[in-house]
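**Q** First, the structure itself, so that you have it in front of you.
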Amino acid sequence: KHLNRTYLKIFLYSALAIIIIGFGANIYAENYLRKYLVQHVLTNDSIPYHIETGKLSVNILTGSICAKTVSVQSRDTSQSGSNNQVNLQVAEVRISGVSYTKLLFKKSLHISKLNLEKPVLHITNFDTLTSKKDSSALVNLYTLIQGNLKSMQLNSFQIVNGSITVTSRDTADLLVSLSAFNLELTDISADSTLNTSGRRFEMGEMEGNIKSITGHFLKGLYAFNVSSLDISGEDGMLSIDSVSLGPSVEKEKFATKLGYQTDCIQLKLADFKVYSNSFPEILEIGSLILEKIEINEMVLTDYRDKNLPNAQGVKSLPREMLYSFPVKLSIDQILLKKATITYIELANGKSESGSISFSNVKGEITNISNMHPDDTMKINGTGYLMNQAAVSSQLAFPLNGNTFTASVNMGAFDMPILNPMVRNLAPIEIVDGKANSMQMWCAADENAGSGQMTFLYSDLQVNAFAKNESKGKTLMTGMKNFVANELILEKNNPKDEVTRVGKVAYTRNPEKNIINYSWNLIFSGFKSSIGLTEEKTR
């Protein structure tokens, strides 16, 4: 019994000593960490951010550190200051599983978990014109630790119940808001190999979800909403329930608010999925490398008012748009399963708009890239024009120059279905006519395009009228209709068993986009096929 009491005393004194030493070590570690942060971070003017932290606690036995109410703010908060001013507030930063032996003896920081609880991030003065050169110049993680550490390993980085707001210099011009999101990155590492790999850090997998993304841009004239978003690096998939984009004013007032002619887009996507085995590389090297984007349903309406002046400047063709993208981009395939596309146009001097629509559209785009100039981007699509004429098209855009080729095929349809758009493009109205088929091919560059069209039809009959003339029954109208139908237009193709081949020829207006360019190439072939040359139009 005496011996047992002796051992018990030794045990109790030893335990008490360990507790006192541990408690003292924790106090020393907290003071040392606080002093280190003050000297090297909190009062370091060379760091472009002002950092503050509230209560700080350390537990040496569990290798954990906890900091309450951490704030990070850009030092230059003036309106004329640098871009991307940051203001971050974190309710709690918790670090656990720190390996002190590796830190002391190998100068290597190994952490089991790093958690950010309820971070609120505000990015203001956001620069939407950042170039690829600027984005690739960002420092890697090793450059931040190499003065004190040889390497860093973080098994798990988690953000819990975070929110982000991004605005430009003028909040009314750009606002992006992520109301609530969670994110986990695993196996993050940094060492000297980053200096030659071109990566910001090495990473294993990423998992995350966002409840909603909302905002507006273009002087607040466009509003957008993305429903819940889920990303899984392990499954290689990002999924979104729905996406909506549309004007925040009536479409007739949209371009007037801007002061120049432009497309007013209204877009809805449903069941949107992105597949990639390289999601981590988006963060590691800033490259967007995707295997497939799958859109199960899309509704697109494009309205254009041609009574307004064109915007100044040359519109880019697809290759130029890809190479002006601020990050490296490679998408193997975009697959569209079902879409309805409508183009509405108010022609110059007109009071009523015309329209053309495509239903049950299915399409595929392959090789979308600014990383592989030897590839060719291809677009293949099928659908129905005005719910009647079956249409198929193929376009090819070599990524080594501003050229493209296009072929379009159409099945049979009643020609008067074209009136909603034809009335805006030529001084005629189609009264009767049956189209049997159409095949067109053309090649184009940034200046002009040419090709040929074989349009087979019969019994074409039109009414002709001047731009500002009503369609009333007058003697002059009757005379013009007679001239148009009997002397100018060709009623049939083939005629007398001879098939007439129309000429596709159009000189591009560099202030108009690729959609306008393509449509005018097609319409030039239609006009040539029915005998409506430019001279006859005049």
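The way I read the labels, and the way they are meant: chains A, B, ... in the order of the structure tokens, residue 1 as the first residue of every chain, and ligand 1 as the first ligand shown, with later ones counted on from there.
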Taking the DSSP secondary structure from the backbone, can you list the residues of stretch 188-386 of chain A that are strand (DSSP E or B), as a PyMOL selection string?
**A** chain A and resi 188-190+202+206-210+213-217+222-226+229-232+237-247+261+263-275+288-305+310+329-346+354-369+376-385
**Q** Would you write out those residues with C-alpha atoms, as an mmCIF file, in the first residue's frame?
**A**
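The result, written out as result.cif:
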data_model
loop_
_atom_site.group_PDB
_atom_site.id
_atom_site.type_symbol
_atom_site.label_atom_id
_atom_site.label_comp_id
_atom_site.auth_asym_id
_atom_site.auth_seq_id
_atom_site.Cartn_x
_atom_site.Cartn_y
_atom_site.Cartn_z
ATOM 1 C CA ILE A 188 -2.954 20.834 -51.409
ATOM 2 C CA SER A 189 0.835 20.968 -51.622
ATOM 3 C CA ALA A 190 3.555 23.452 -52.483
ATOM 4 C CA GLU A 202 -0.796 21.116 -56.493
ATOM 5 C CA MET A 206 -12.494 19.534 -55.105
ATOM 6 C CA GLU A 207 -16.120 19.340 -53.931
ATOM 7 C CA GLY A 208 -18.533 22.216 -53.539
ATOM 8 C CA ASN A 209 -22.027 23.613 -53.867
ATOM 9 C CA ILE A 210 -23.563 27.043 -54.310
ATOM 10 C CA ILE A 213 -25.672 33.060 -58.162
ATOM 11 C CA THR A 214 -27.427 36.314 -59.035
ATOM 12 C CA GLY A 215 -26.449 39.701 -60.363
ATOM 13 C CA HIS A 216 -26.469 42.135 -63.249
ATOM 14 C CA PHE A 217 -24.060 43.694 -65.759
ATOM 15 C CA TYR A 222 -28.867 42.498 -68.043
ATOM 16 C CA ALA A 223 -29.886 40.422 -65.016
ATOM 17 C CA PHE A 224 -28.947 36.783 -64.492
ATOM 18 C CA ASN A 225 -29.715 33.971 -62.098
ATOM 19 C CA VAL A 226 -28.061 30.581 -61.678
ATOM 20 C CA LEU A 229 -24.690 24.593 -58.494
ATOM 21 C CA ASP A 230 -22.866 21.424 -57.459
ATOM 22 C CA ILE A 231 -19.323 20.454 -58.403
ATOM 23 C CA SER A 232 -17.588 17.131 -57.770
ATOM 24 C CA MET A 237 -19.055 16.873 -63.072
ATOM 25 C CA LEU A 238 -20.556 20.299 -62.441
ATOM 26 C CA SER A 239 -24.355 20.442 -62.571
ATOM 27 C CA ILE A 240 -26.786 23.383 -62.606
ATOM 28 C CA ASP A 241 -30.578 23.071 -62.484
ATOM 29 C CA SER A 242 -31.279 26.212 -64.487
ATOM 30 C CA VAL A 243 -29.733 29.413 -65.847
ATOM 31 C CA SER A 244 -31.613 32.539 -66.872
ATOM 32 C CA LEU A 245 -30.320 35.701 -68.536
ATOM 33 C CA GLY A 246 -32.457 38.564 -69.727
ATOM 34 C CA PRO A 247 -32.905 42.319 -69.987
ATOM 35 C CA GLN A 261 -27.602 49.075 -81.966
ATOM 36 C CA ASP A 263 -28.648 42.322 -79.714
ATOM 37 C CA CYS A 264 -31.005 42.042 -76.762
ATOM 38 C CA ILE A 265 -30.677 38.441 -75.575
ATOM 39 C CA GLN A 266 -33.106 36.477 -73.443
ATOM 40 C CA LEU A 267 -31.763 33.042 -72.545
ATOM 41 C CA LYS A 268 -32.986 30.141 -70.433
ATOM 42 C CA LEU A 269 -31.081 26.907 -69.883
ATOM 43 C CA ALA A 270 -32.289 23.832 -68.031
ATOM 44 C CA ASP A 271 -30.388 20.776 -66.824
ATOM 45 C CA PHE A 272 -26.920 22.153 -67.539
ATOM 46 C CA LYS A 273 -23.964 19.810 -66.943
ATOM 47 C CA VAL A 274 -20.217 20.240 -67.339
ATOM 48 C CA TYR A 275 -17.882 17.239 -67.418
ATOM 49 C CA LEU A 288 -10.502 25.976 -68.258
ATOM 50 C CA ILE A 289 -10.136 22.438 -69.618
ATOM 51 C CA LEU A 290 -13.448 20.636 -70.128
ATOM 52 C CA GLU A 291 -14.412 17.383 -71.845
ATOM 53 C CA LYS A 292 -18.083 18.148 -72.425
ATOM 54 C CA ILE A 293 -20.842 20.661 -71.745
ATOM 55 C CA GLU A 294 -24.337 19.185 -71.988
ATOM 56 C CA ILE A 295 -27.440 21.382 -72.261
ATOM 57 C CA ASN A 296 -30.704 19.448 -72.198
ATOM 58 C CA GLU A 297 -32.994 22.399 -72.934
ATOM 59 C CA MET A 298 -32.504 25.959 -74.163
ATOM 60 C CA VAL A 299 -34.800 28.832 -75.146
ATOM 61 C CA LEU A 300 -33.084 31.774 -76.847
ATOM 62 C CA THR A 301 -34.682 34.981 -78.118
ATOM 63 C CA ASP A 302 -32.607 37.653 -79.852
ATOM 64 C CA TYR A 303 -34.118 41.100 -80.583
ATOM 65 C CA ARG A 304 -32.381 43.802 -82.635
ATOM 66 C CA ASP A 305 -33.520 47.352 -83.421
ATOM 67 C CA ASN A 310 -24.132 50.742 -84.882
ATOM 68 C CA LEU A 329 -9.633 27.505 -72.749
ATOM 69 C CA SER A 330 -10.220 24.035 -74.167
ATOM 70 C CA ILE A 331 -13.670 22.429 -74.526
ATOM 71 C CA ASP A 332 -13.861 19.172 -76.453
ATOM 72 C CA GLN A 333 -17.622 19.197 -76.996
ATOM 73 C CA ILE A 334 -20.761 21.251 -76.339
ATOM 74 C CA LEU A 335 -23.899 19.177 -76.826
ATOM 75 C CA LEU A 336 -27.327 20.811 -77.204
ATOM 76 C CA LYS A 337 -30.200 18.327 -76.978
ATOM 77 C CA LYS A 338 -33.243 20.554 -77.532
ATOM 78 C CA ALA A 339 -33.628 24.267 -78.199
ATOM 79 C CA THR A 340 -35.972 26.921 -79.531
ATOM 80 C CA ILE A 341 -34.247 29.913 -81.148
ATOM 81 C CA THR A 342 -36.045 33.067 -82.292
ATOM 82 C CA TYR A 343 -34.550 36.119 -83.997
ATOM 83 C CA ILE A 344 -36.675 39.282 -84.037
ATOM 84 C CA GLU A 345 -35.633 42.350 -86.004
ATOM 85 C CA LEU A 346 -37.046 45.846 -86.328
ATOM 86 C CA GLY A 354 -40.088 40.699 -88.407
ATOM 87 C CA SER A 355 -38.962 37.379 -87.026
ATOM 88 C CA ILE A 356 -37.593 33.976 -87.879
ATOM 89 C CA SER A 357 -37.603 30.959 -85.581
ATOM 90 C CA PHE A 358 -36.062 27.508 -85.317
ATOM 91 C CA SER A 359 -37.628 24.769 -83.214
ATOM 92 C CA ASN A 360 -36.456 21.368 -81.965
ATOM 93 C CA VAL A 361 -32.868 22.431 -82.533
ATOM 94 C CA LYS A 362 -30.160 19.887 -81.758
ATOM 95 C CA GLY A 363 -26.510 20.748 -82.101
ATOM 96 C CA GLU A 364 -22.900 19.991 -81.346
ATOM 97 C CA ILE A 365 -19.818 22.216 -81.177
ATOM 98 C CA THR A 366 -16.381 20.585 -80.999
ATOM 99 C CA ASN A 367 -12.801 21.777 -80.449
ATOM 100 C CA ILE A 368 -13.477 25.139 -78.786
ATOM 101 C CA SER A 369 -9.961 26.210 -77.840
ATOM 102 C CA THR A 376 -10.702 23.300 -86.300
ATOM 103 C CA MET A 377 -13.802 24.299 -84.364
ATOM 104 C CA LYS A 378 -16.871 22.651 -85.887
ATOM 105 C CA ILE A 379 -20.572 23.401 -85.442
ATOM 106 C CA ASN A 380 -23.238 20.924 -86.555
ATOM 107 C CA GLY A 381 -26.940 21.522 -86.041
ATOM 108 C CA THR A 382 -30.407 20.392 -87.087
ATOM 109 C CA GLY A 383 -33.852 21.848 -86.516
ATOM 110 C CA TYR A 384 -37.040 23.124 -88.131
ATOM 111 C CA LEU A 385 -37.446 26.559 -89.691
#
**Q** Name the residues in contact with stretch 89-99 of chain A at a cut-off of 9 Å, using only C-alpha atoms, excluding same-chain residues fewer than 2 positions from it; report them as a PyMOL selection string.
**A** chain A and resi 60+62-73+87+101-104+108-122+162
**Q** From the set A:Asp187, A:Asp459, A:Asp76, A:Glu511, which residue has the shortest atom-to-atom contact distance to A:Gly313, counting only C-alpha atoms?
**A**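 Selected residue with least distance to A:Gly313: A:Glu511.
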**Q** For atom CA of A:Thr171 and atom CA of A:Val86, quote the distance in Å rounded to one decimal.
**A**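 So the two atoms, atom CA of A:Thr171 and atom CA of A:Val86, lie 14.9 Å apart.
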**Q** Could you find all residues in stretch 259-503 of chain A that DSSP calls alpha helix (DSSP H) from the backbone, and write them as a list in words?
**A** Phe279, Pro280, Glu281, Ile282, Leu283, Glu284, Pro318, Arg319, Glu320, Met321, Leu322, Tyr323, Asn419, Pro420, Met421, Val422, Arg423, Asn424, Leu425, Leu475, Met476, Thr477, Gly478, Met479, Lys480, Asn481, Phe482 and Val483 of chain A
**Q** Give me, please, the distance in Å between atom CA of A:Gly220 and atom CA of A:Leu183, quoted to one decimal.
**A**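 Between atom CA of A:Gly220 and atom CA of A:Leu183 the gap works out to 29.2 Å.
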